[in-house]
$ cat coords.txt   # compact mmCIF, C-alpha atoms
# COMPACT_ATOMS: atom_id res chain seq x y z
CA MET A 30 65.56 -70.85 -100.03
CA ASP A 31 67.54 -70.58 -103.29
CA ARG A 32 65.20 -68.19 -105.15
CA PRO A 33 66.34 -65.62 -107.72
CA PHE A 34 65.37 -62.02 -107.04
CA SER A 35 65.99 -58.55 -108.44
CA LYS A 36 66.92 -55.54 -106.35
CA MET A 37 65.37 -52.51 -108.05
CA ASN A 38 64.55 -48.93 -107.17
CA GLY A 39 62.49 -46.02 -108.37
CA LEU A 40 64.31 -42.80 -107.42
CA GLY A 41 66.00 -44.59 -104.53
CA ASN A 42 62.77 -46.12 -103.22
CA ASP A 43 64.09 -49.70 -103.23
CA PHE A 44 62.49 -53.13 -103.60
CA ILE A 45 63.19 -56.83 -103.50
CA VAL A 46 61.30 -58.26 -106.48
CA VAL A 47 60.52 -61.99 -106.70
CA ASP A 48 58.82 -63.62 -109.69
CA ALA A 49 56.39 -66.32 -108.53
CA ARG A 50 54.53 -66.86 -111.79
CA SER A 51 55.99 -70.33 -112.37
CA ARG A 52 57.02 -71.24 -108.82
CA ALA A 53 55.00 -70.34 -105.73
CA PHE A 54 56.55 -68.26 -102.95
CA GLU A 55 55.32 -68.25 -99.34
CA ALA A 56 55.36 -64.57 -98.38
CA ASP A 57 54.88 -64.99 -94.62
CA PRO A 58 55.46 -61.95 -92.38
CA GLU A 59 58.54 -63.41 -90.66
CA THR A 60 60.26 -64.07 -94.01
CA ILE A 61 59.39 -60.58 -95.29
CA ARG A 62 60.72 -58.91 -92.15
CA ARG A 63 63.97 -60.89 -92.35
CA LEU A 64 64.58 -60.14 -96.01
CA ALA A 65 63.63 -56.46 -95.67
CA SER A 66 65.93 -55.87 -92.70
CA ARG A 67 68.89 -53.68 -93.67
CA SER A 68 70.99 -55.11 -90.86
CA GLU A 69 70.13 -58.82 -91.10
CA GLY A 70 68.76 -59.33 -94.62
CA ILE A 71 68.97 -57.77 -98.06
CA GLY A 72 67.18 -54.57 -97.09
CA CYS A 73 64.34 -52.79 -98.88
CA ASP A 74 61.48 -50.32 -98.53
CA GLN A 75 59.03 -52.92 -99.89
CA PHE A 76 59.01 -56.59 -100.83
CA VAL A 77 57.29 -57.19 -104.17
CA LEU A 78 55.87 -60.42 -105.57
CA ILE A 79 54.96 -60.96 -109.23
CA GLY A 80 52.28 -63.57 -109.82
CA ALA A 81 50.15 -64.99 -112.59
CA SER A 82 46.86 -63.31 -113.52
CA GLU A 83 43.83 -64.28 -115.56
CA SER A 84 42.78 -60.67 -116.17
CA ALA A 85 46.15 -58.94 -116.78
CA ASP A 86 49.69 -59.67 -117.94
CA ALA A 87 50.67 -60.37 -114.31
CA SER A 88 49.61 -59.69 -110.74
CA ILE A 89 51.65 -57.73 -108.25
CA ARG A 90 51.58 -57.65 -104.42
CA PHE A 91 53.49 -55.45 -101.98
CA TRP A 92 54.62 -55.84 -98.37
CA ASN A 93 56.05 -53.23 -96.04
CA PRO A 94 59.25 -54.04 -94.10
CA ASP A 95 57.19 -54.97 -91.03
CA GLY A 96 55.64 -57.88 -92.95
CA VAL A 97 52.22 -56.25 -93.39
CA GLU A 98 50.80 -56.31 -96.92
CA ALA A 99 50.29 -52.92 -98.58
CA GLY A 100 47.62 -52.08 -101.12
CA ALA A 101 49.75 -50.03 -103.51
CA CYS A 102 53.26 -48.85 -104.33
CA GLY A 103 53.65 -46.65 -107.37
CA ASN A 104 57.44 -46.83 -107.73
CA ALA A 105 57.41 -50.63 -107.37
CA THR A 106 54.67 -50.86 -109.98
CA ARG A 107 56.87 -48.95 -112.42
CA CYS A 108 59.80 -51.27 -111.66
CA VAL A 109 57.77 -54.43 -112.25
CA ALA A 110 56.20 -52.97 -115.38
CA TRP A 111 59.68 -52.22 -116.79
CA ARG A 112 60.83 -55.76 -116.02
CA LEU A 113 57.81 -57.32 -117.74
CA MET A 114 58.16 -55.07 -120.79
CA GLU A 115 61.85 -55.95 -121.06
CA GLU A 116 60.89 -59.62 -120.93
CA SER A 117 58.19 -59.42 -123.59
CA GLY A 118 59.52 -56.62 -125.76
CA ALA A 119 56.14 -54.88 -125.48
CA GLY A 120 55.66 -51.16 -124.95
CA GLN A 121 52.67 -51.60 -122.63
CA VAL A 122 51.75 -53.95 -119.80
CA SER A 123 48.74 -54.47 -117.51
CA LEU A 124 49.02 -55.38 -113.84
CA GLU A 125 46.44 -56.80 -111.46
CA THR A 126 46.70 -55.27 -107.96
CA ALA A 127 44.61 -55.28 -104.80
CA GLY A 128 43.34 -51.85 -105.83
CA GLY A 129 42.41 -52.87 -109.36
CA ARG A 130 44.00 -53.24 -112.78
CA LEU A 131 46.76 -50.78 -113.69
CA GLU A 132 48.23 -50.00 -117.12
CA ALA A 133 51.85 -49.00 -117.69
CA TRP A 134 53.82 -47.77 -120.71
CA ARG A 135 57.47 -47.49 -121.68
CA ARG A 136 58.59 -43.86 -121.95
CA GLY A 137 62.31 -44.43 -122.52
CA PRO A 138 65.06 -47.01 -121.94
CA MET A 139 64.62 -46.88 -118.15
CA ARG A 140 61.51 -44.71 -117.86
CA VAL A 141 57.94 -45.88 -117.24
CA ALA A 142 54.52 -44.26 -116.92
CA VAL A 143 51.78 -45.94 -114.92
CA ASP A 144 48.08 -45.14 -114.62
CA MET A 145 47.50 -45.21 -110.87
CA GLY A 146 43.73 -45.05 -111.24
CA ARG A 147 41.34 -42.61 -109.61
CA PRO A 148 42.07 -41.19 -106.15
CA ARG A 149 39.52 -42.12 -103.49
CA LEU A 150 38.42 -39.04 -101.61
CA ASN A 151 35.69 -40.32 -99.29
CA TRP A 152 36.63 -40.67 -95.61
CA ARG A 153 35.62 -44.35 -95.61
CA ALA A 154 37.99 -45.08 -98.50
CA VAL A 155 41.06 -43.50 -96.88
CA PRO A 156 40.08 -44.90 -94.33
CA LEU A 157 39.53 -42.52 -91.41
CA ALA A 158 38.21 -43.57 -88.03
CA GLY A 159 35.06 -41.51 -88.50
CA PRO A 160 33.26 -39.01 -90.75
CA ALA A 161 35.35 -36.00 -91.78
CA ASP A 162 35.86 -33.56 -94.63
CA THR A 163 38.93 -35.11 -96.27
CA LEU A 164 39.96 -31.70 -97.63
CA ALA A 165 40.64 -30.48 -94.08
CA VAL A 166 41.26 -33.17 -91.47
CA ASP A 167 42.43 -31.97 -88.08
CA VAL A 168 45.21 -34.29 -86.87
CA PRO A 169 46.20 -33.48 -83.26
CA GLU A 170 49.56 -35.22 -83.66
CA ALA A 171 50.51 -32.78 -86.43
CA GLY A 172 50.78 -29.86 -84.02
CA ARG A 173 50.80 -26.50 -85.81
CA LEU A 174 50.94 -27.85 -89.35
CA GLY A 175 47.26 -27.24 -89.85
CA PRO A 176 44.70 -29.62 -91.36
CA ALA A 177 45.72 -32.47 -93.65
CA ILE A 178 44.22 -33.40 -97.01
CA CYS A 179 43.49 -37.12 -96.83
CA LEU A 180 42.88 -39.57 -99.65
CA SER A 181 43.65 -43.07 -100.85
CA MET A 182 45.76 -43.99 -103.88
CA GLY A 183 45.18 -47.65 -103.09
CA ASN A 184 46.86 -46.91 -99.75
CA PRO A 185 46.12 -44.13 -97.22
CA HIS A 186 47.77 -40.70 -97.41
CA ALA A 187 47.71 -37.52 -95.32
CA VAL A 188 49.27 -34.51 -97.05
CA PHE A 189 50.37 -31.34 -95.25
CA PHE A 190 51.38 -28.20 -97.14
CA VAL A 191 54.37 -26.58 -95.46
CA PRO A 192 56.47 -23.42 -96.09
CA SER A 193 59.63 -25.52 -96.42
CA ALA A 194 59.85 -29.27 -96.96
CA GLU A 195 63.52 -29.17 -95.93
CA ALA A 196 62.68 -27.57 -92.58
CA ALA A 197 59.68 -29.81 -91.86
CA GLU A 198 60.18 -32.09 -88.86
CA VAL A 199 59.45 -35.23 -90.86
CA GLY A 200 61.24 -37.58 -88.47
CA ARG A 201 59.27 -36.32 -85.47
CA ILE A 202 55.83 -35.53 -86.87
CA GLY A 203 55.71 -38.32 -89.47
CA PRO A 204 55.64 -41.28 -87.07
CA ALA A 205 53.23 -39.49 -84.72
CA VAL A 206 50.72 -38.86 -87.53
CA GLU A 207 51.24 -42.36 -88.97
CA ALA A 208 50.17 -43.88 -85.65
CA SER A 209 47.27 -41.47 -84.97
CA PRO A 210 43.97 -43.14 -83.96
CA LEU A 211 42.41 -41.19 -86.83
CA PHE A 212 43.97 -43.72 -89.23
CA PRO A 213 42.95 -47.30 -88.40
CA GLU A 214 45.30 -48.69 -91.09
CA ARG A 215 48.00 -46.11 -90.31
CA VAL A 216 48.92 -43.58 -92.99
CA ASN A 217 51.64 -42.30 -95.29
CA VAL A 218 52.47 -38.71 -94.40
CA GLY A 219 53.47 -36.17 -97.05
CA PHE A 220 55.14 -32.79 -96.40
CA ALA A 221 54.64 -30.73 -99.56
CA GLU A 222 56.13 -27.33 -100.41
CA VAL A 223 54.55 -25.58 -103.39
CA ARG A 224 57.26 -23.77 -105.36
CA SER A 225 55.05 -22.90 -108.32
CA ARG A 226 51.84 -24.14 -109.88
CA SER A 227 53.89 -26.75 -111.76
CA GLU A 228 56.55 -27.65 -109.18
CA VAL A 229 56.25 -29.21 -105.72
CA ARG A 230 58.99 -30.28 -103.31
CA LEU A 231 57.87 -33.36 -101.37
CA ARG A 232 59.18 -35.45 -98.52
CA VAL A 233 57.28 -38.54 -97.34
CA TRP A 234 57.19 -40.49 -94.12
CA GLU A 235 56.04 -43.90 -95.34
CA ARG A 236 54.09 -46.12 -92.99
CA ALA A 237 56.24 -48.99 -91.67
CA ALA A 238 59.24 -47.79 -93.71
CA GLY A 239 59.98 -44.32 -92.35
CA LEU A 240 61.48 -41.46 -94.35
CA THR A 241 61.95 -42.71 -97.91
CA ARG A 242 63.89 -41.21 -100.80
CA ALA A 243 60.75 -41.36 -102.92
CA CYS A 244 57.12 -42.46 -102.69
CA GLY A 245 55.22 -42.77 -105.97
CA SER A 246 51.73 -43.01 -104.51
CA GLY A 247 52.70 -40.19 -102.13
CA ALA A 248 53.62 -37.98 -105.08
CA CYS A 249 50.27 -38.76 -106.69
CA ALA A 250 48.50 -37.96 -103.42
CA ALA A 251 50.36 -34.64 -103.07
CA LEU A 252 49.43 -33.56 -106.59
CA VAL A 253 45.76 -34.44 -106.03
CA ALA A 254 45.79 -32.64 -102.68
CA GLY A 255 47.34 -29.55 -104.25
CA VAL A 256 44.77 -29.46 -107.04
CA ARG A 257 41.94 -29.87 -104.54
CA ARG A 258 43.31 -26.96 -102.52
CA GLY A 259 43.72 -24.83 -105.66
CA LEU A 260 47.49 -24.58 -105.17
CA VAL A 261 48.83 -26.40 -108.25
CA ASP A 262 47.86 -27.28 -111.80
CA PRO A 263 46.68 -30.81 -112.74
CA GLU A 264 50.14 -31.53 -114.18
CA ALA A 265 53.28 -30.87 -112.14
CA ARG A 266 56.80 -32.02 -111.38
CA LEU A 267 57.22 -33.52 -107.92
CA GLU A 268 60.76 -33.23 -106.56
CA LEU A 269 61.54 -35.94 -104.00
CA ASP A 270 64.79 -36.72 -102.19
CA GLY A 271 65.66 -39.36 -104.79
CA GLY A 272 64.67 -37.44 -107.93
CA ASP A 273 61.68 -36.18 -109.88
CA LEU A 274 58.33 -37.64 -110.88
CA GLU A 275 55.94 -36.21 -113.43
CA ILE A 276 52.36 -36.45 -112.13
CA ALA A 277 49.17 -35.66 -114.05
CA TRP A 278 45.60 -35.79 -112.74
CA ARG A 279 43.82 -36.26 -116.05
CA ALA A 280 40.37 -35.12 -117.12
CA ASP A 281 39.10 -38.71 -116.85
CA GLY A 282 39.96 -38.69 -113.13
CA HIS A 283 42.96 -41.02 -113.41
CA VAL A 284 46.39 -40.10 -112.06
CA LEU A 285 49.37 -40.77 -114.34
CA MET A 286 52.86 -41.08 -112.83
CA THR A 287 56.04 -41.06 -114.93
CA GLY A 288 59.60 -41.61 -113.72
CA ASP A 289 62.84 -43.54 -114.00
CA VAL A 290 63.63 -47.04 -112.71
CA GLU A 291 66.93 -48.73 -111.92
CA VAL A 292 68.13 -52.32 -111.53
CA GLU A 293 70.67 -52.46 -108.70
CA PHE A 294 71.62 -56.14 -108.88
CA GLU A 295 70.35 -59.70 -109.32
CA GLY A 296 70.80 -62.35 -106.66
CA ARG A 297 69.39 -65.37 -104.87
CA LEU A 298 67.44 -65.18 -101.64
CA PRO A 299 69.36 -66.41 -98.59
$ encode --input "coords.txt" --output "structure tokens"
Amino acid sequence: MDRPFSKMNGLGNDFIVVDARSRAFEADPETIRRLASRSEGIGCDQFVLIGASESADASIRFWNPDGVEAGACGNATRCVAWRLMEESGAGQVSLETAGGRLEAWRRGPMRVAVDMGRPRLNWRAVPLAGPADTLAVDVPEAGRLGPAICLSMGNPHAVFFVPSAEAAEVGRIGPAVEASPLFPERVNVGFAEVRSRSEVRLRVWERAAGLTRACGSGACAALVAGVRRGLVDPEARLELDGGDLEIAWRADGHVLMTGDVEVEFEGRLP
């Protein structure tokens, strides 16, 4: 294949990033699965492709390790934004995604903020299998966790508020909720512990990837869910297994996510 790539991560949420702006790349499911495999390939939580765009500085697409394309990935967006800003020397970059145009800004040497857009709160936008109040969705597979708050941040999320994120049975309940018939496109599952109105501990079972060290869109979803429930302020620190993200649900309805990025290594695809 002989293609250069970057291995990057946002708080341990790791990505294979390929730049296809000047040379096309065939992102077929079999190739994605092989490259994403941690036993047979390079290994990653998502495969990310940078492309040309007529309406933004670049386009960006995401695939889960199972080879299925995803609509959004906040941490990967920050990684790509950092790479493009390093390349151009600019302090701001725009990215075309399946969910719309996103803007990102440099906030330090290895720190990036990205406008993730407005959360989608209607049941059709999540999507759910049928009409429901997205502020309280009964998910049988969740057992005694109580109702989930469901929304889309460009990809589907179900957030449960729990007494202890550490004690939550993420590895058991996460995959069961992900595969629930309530979610025709499956779902990312957040387990959020409110420590104060400005601090939330979060663990995320990510669809097709499992328990991840961080999930940027999941952190955005948890903040929005907490505000909707009256549990947290519109600006809070989200503590994930891999580190912290600053999330703000602004007055204009957009969600801003700020956090660090890291370049692990550069290589060539096998």
$ residues_around --input "coords.txt" --residues "segment 67-81 of chain A" --least-positions-apart "4" --cutoff "7 Å" --atoms "only C-alpha atoms" --output "PyMOL selection string"
chain A and resi 42-50+61+63+87-94+238
$ closest_residue --input "coords.txt" --among "A:Leu157, A:Val206, A:Val188, A:Met37" --to "Gly296 of chain A" --atoms "only C-alpha atoms"
A:Met37
$ residues_around --input "coords.txt" --residues "Leu124 of chain A" --least-positions-apart "5" --cutoff "9 Å" --atoms "only C-alpha atoms" --output "list in words"
Ser82, Ser84, Ala85, Asp86, Ala87, Ser88, Ile89, Thr106, Val109, Ala110, Gly129, Arg130, Leu131, Glu132 and Ala133 of chain A
$ write_last_selection --input "coords.txt" --atoms "C-alpha atoms" --output "mmCIF file, keeping the file's coordinate frame"
data_model
loop_
_atom_site.group_PDB
_atom_site.id
_atom_site.type_symbol
_atom_site.label_atom_id
_atom_site.label_comp_id
_atom_site.auth_asym_id
_atom_site.auth_seq_id
_atom_site.Cartn_x
_atom_site.Cartn_y
_atom_site.Cartn_z
ATOM 1 C CA SER A 82 46.860 -63.310 -113.520
ATOM 2 C CA SER A 84 42.780 -60.670 -116.170
ATOM 3 C CA ALA A 85 46.150 -58.940 -116.780
ATOM 4 C CA ASP A 86 49.690 -59.670 -117.940
ATOM 5 C CA ALA A 87 50.670 -60.370 -114.310
ATOM 6 C CA SER A 88 49.610 -59.690 -110.740
ATOM 7 C CA ILE A 89 51.650 -57.730 -108.250
ATOM 8 C CA THR A 106 54.670 -50.860 -109.980
ATOM 9 C CA VAL A 109 57.770 -54.430 -112.250
ATOM 10 C CA ALA A 110 56.200 -52.970 -115.380
ATOM 11 C CA GLY A 129 42.410 -52.870 -109.360
ATOM 12 C CA ARG A 130 44.000 -53.240 -112.780
ATOM 13 C CA LEU A 131 46.760 -50.780 -113.690
ATOM 14 C CA GLU A 132 48.230 -50.000 -117.120
ATOM 15 C CA ALA A 133 51.850 -49.000 -117.690
#
$ closest_residue --input "coords.txt" --among "A:Pro210, A:Pro148, A:Gly255, A:Pro204" --to "Glu235 of chain A" --atoms "only C-alpha atoms"
A:Pro204
$ axis_aligned_box --input "coords.txt" --around "segment 134-139 of chain A" --padding-each-side "6 Å" --output "JSON"
{"center_x": 59.4, "center_y": -45.8, "center_z": -120.3, "size_x": 23.2, "size_y": 15.9, "size_z": 16.4}
$ closest_residue --input "coords.txt" --among "A:Ala53, A:Met139, A:Ala277, A:Ala105" --to "Ala243 of chain A" --atoms "all atoms listed in the file"
A:Ala105
$ atom_distance --input "coords.txt" --atom1 "atom CA of Trp134 of chain A" --atom2 "atom CA of Lys36 of chain A"
20.9 Å
$ closest_residue --input "coords.txt" --among "A:Met286, A:Ala194, A:Ala208, A:Val216" --to "Gly100 of chain A" --atoms "all atoms listed in the file"
A:Val216
$ atom_distance --input "coords.txt" --atom1 "atom CA of Glu170 of chain A" --atom2 "atom CA of Val253 of chain A"
22.7 Å
$ closest_residue --input "coords.txt" --among "A:Gly137, A:Glu293, A:Asp144, A:Ile276" --to "Val122 of chain A" --atoms "all atoms listed in the file"
A:Asp144
$ atom_distance --input "coords.txt" --atom1 "atom CA of Pro176 of chain A" --atom2 "atom CA of Arg149 of chain A"
18.2 Å
$ closest_residue --input "coords.txt" --among "A:Ala99, A:Val292, A:Val218, A:Ala142" --to "Ile202 of chain A" --atoms "all atoms listed in the file"
A:Val218
$ residues_around --input "coords.txt" --residues "Leu269 of chain A" --least-positions-apart "6" --cutoff "7 Å" --atoms "all atoms listed in the file" --output "ChimeraX atom specification"
/A:230-232,242-243
$ residues_near_point --input "coords.txt" --point "(61.5, -40.3, -108.0)" --cutoff "6 Å" --atoms "all atoms listed in the file" --output "JSON, numbers by chain"
{"A": [39, 40, 243, 269, 271, 272, 273, 274]}
$ residues_around --input "coords.txt" --residues "Glu222 of chain A" --least-positions-apart "4" --cutoff "6 Å" --atoms "only C-alpha atoms" --output "PyMOL selection string"
chain A and resi 190-194+229-230
$ decode --input "coords.txt" --residues "segment 244-255 of chain A" --atoms "all heavy atoms" --output "mmCIF file, in the first residue's frame"
data_model
loop_
_atom_site.group_PDB
_atom_site.id
_atom_site.type_symbol
_atom_site.label_atom_id
_atom_site.label_comp_id
_atom_site.auth_asym_id
_atom_site.auth_seq_id
_atom_site.Cartn_x
_atom_site.Cartn_y
_atom_site.Cartn_z
ATOM 1 N N CYS A 244 -13.848 9.832 24.913
ATOM 2 C CA CYS A 244 -14.779 9.992 23.791
ATOM 3 C C CYS A 244 -15.223 11.444 23.791
ATOM 4 O O CYS A 244 -15.955 11.879 24.689
ATOM 5 C CB CYS A 244 -15.974 9.054 23.941
ATOM 6 S SG CYS A 244 -17.203 9.215 22.614
ATOM 7 N N GLY A 245 -14.758 12.217 22.803
ATOM 8 C CA GLY A 245 -15.050 13.646 22.762
ATOM 9 C C GLY A 245 -16.525 13.943 22.574
ATOM 10 O O GLY A 245 -17.098 14.763 23.302
ATOM 11 N N SER A 246 -17.152 13.284 21.601
ATOM 12 C CA SER A 246 -18.584 13.528 21.401
ATOM 13 C C SER A 246 -19.379 13.021 22.594
ATOM 14 O O SER A 246 -20.411 13.590 22.960
ATOM 15 C CB SER A 246 -19.065 12.870 20.104
ATOM 16 O OG SER A 246 -18.884 11.465 20.148
ATOM 17 N N GLY A 247 -18.875 11.951 23.254
ATOM 18 C CA GLY A 247 -19.530 11.434 24.455
ATOM 19 C C GLY A 247 -19.470 12.424 25.603
ATOM 20 O O GLY A 247 -20.429 12.559 26.379
ATOM 21 N N ALA A 248 -18.341 13.130 25.723
ATOM 22 C CA ALA A 248 -18.222 14.158 26.755
ATOM 23 C C ALA A 248 -19.188 15.309 26.485
ATOM 24 O O ALA A 248 -19.826 15.840 27.404
ATOM 25 C CB ALA A 248 -16.788 14.667 26.823
ATOM 26 N N CYS A 249 -19.302 15.697 25.219
ATOM 27 C CA CYS A 249 -20.268 16.735 24.846
ATOM 28 C C CYS A 249 -21.691 16.288 25.179
ATOM 29 O O CYS A 249 -22.488 17.059 25.735
ATOM 30 C CB CYS A 249 -20.146 17.055 23.363
ATOM 31 S SG CYS A 249 -18.580 17.796 22.872
ATOM 32 N N ALA A 250 -21.998 15.034 24.836
ATOM 33 C CA ALA A 250 -23.333 14.501 25.098
ATOM 34 C C ALA A 250 -23.634 14.468 26.596
ATOM 35 O O ALA A 250 -24.751 14.788 27.025
ATOM 36 C CB ALA A 250 -23.461 13.106 24.500
ATOM 37 N N ALA A 251 -22.648 14.095 27.412
ATOM 38 C CA ALA A 251 -22.853 14.028 28.858
ATOM 39 C C ALA A 251 -23.110 15.405 29.451
ATOM 40 O O ALA A 251 -23.964 15.566 30.338
ATOM 41 C CB ALA A 251 -21.646 13.374 29.524
ATOM 42 N N LEU A 252 -22.376 16.404 28.973
ATOM 43 C CA LEU A 252 -22.591 17.770 29.456
ATOM 44 C C LEU A 252 -23.988 18.248 29.097
ATOM 45 O O LEU A 252 -24.719 18.773 29.947
ATOM 46 C CB LEU A 252 -21.527 18.690 28.868
ATOM 47 C CG LEU A 252 -21.428 20.167 29.304
ATOM 48 C CD1 LEU A 252 -22.457 21.048 28.624
ATOM 49 C CD2 LEU A 252 -21.510 20.321 30.812
ATOM 50 N N VAL A 253 -24.392 18.039 27.844
ATOM 51 C CA VAL A 253 -25.733 18.447 27.407
ATOM 52 C C VAL A 253 -26.799 17.720 28.221
ATOM 53 O O VAL A 253 -27.778 18.327 28.682
ATOM 54 C CB VAL A 253 -25.914 18.182 25.895
ATOM 55 C CG1 VAL A 253 -27.375 18.367 25.485
ATOM 56 C CG2 VAL A 253 -25.011 19.103 25.084
ATOM 57 N N ALA A 254 -26.610 16.419 28.433
ATOM 58 C CA ALA A 254 -27.572 15.640 29.206
ATOM 59 C C ALA A 254 -27.672 16.168 30.634
ATOM 60 O O ALA A 254 -28.772 16.278 31.199
ATOM 61 C CB ALA A 254 -27.158 14.168 29.214
ATOM 62 N N GLY A 255 -26.522 16.498 31.234
ATOM 63 C CA GLY A 255 -26.531 17.010 32.593
ATOM 64 C C GLY A 255 -27.218 18.351 32.713
ATOM 65 O O GLY A 255 -27.941 18.615 33.684
#
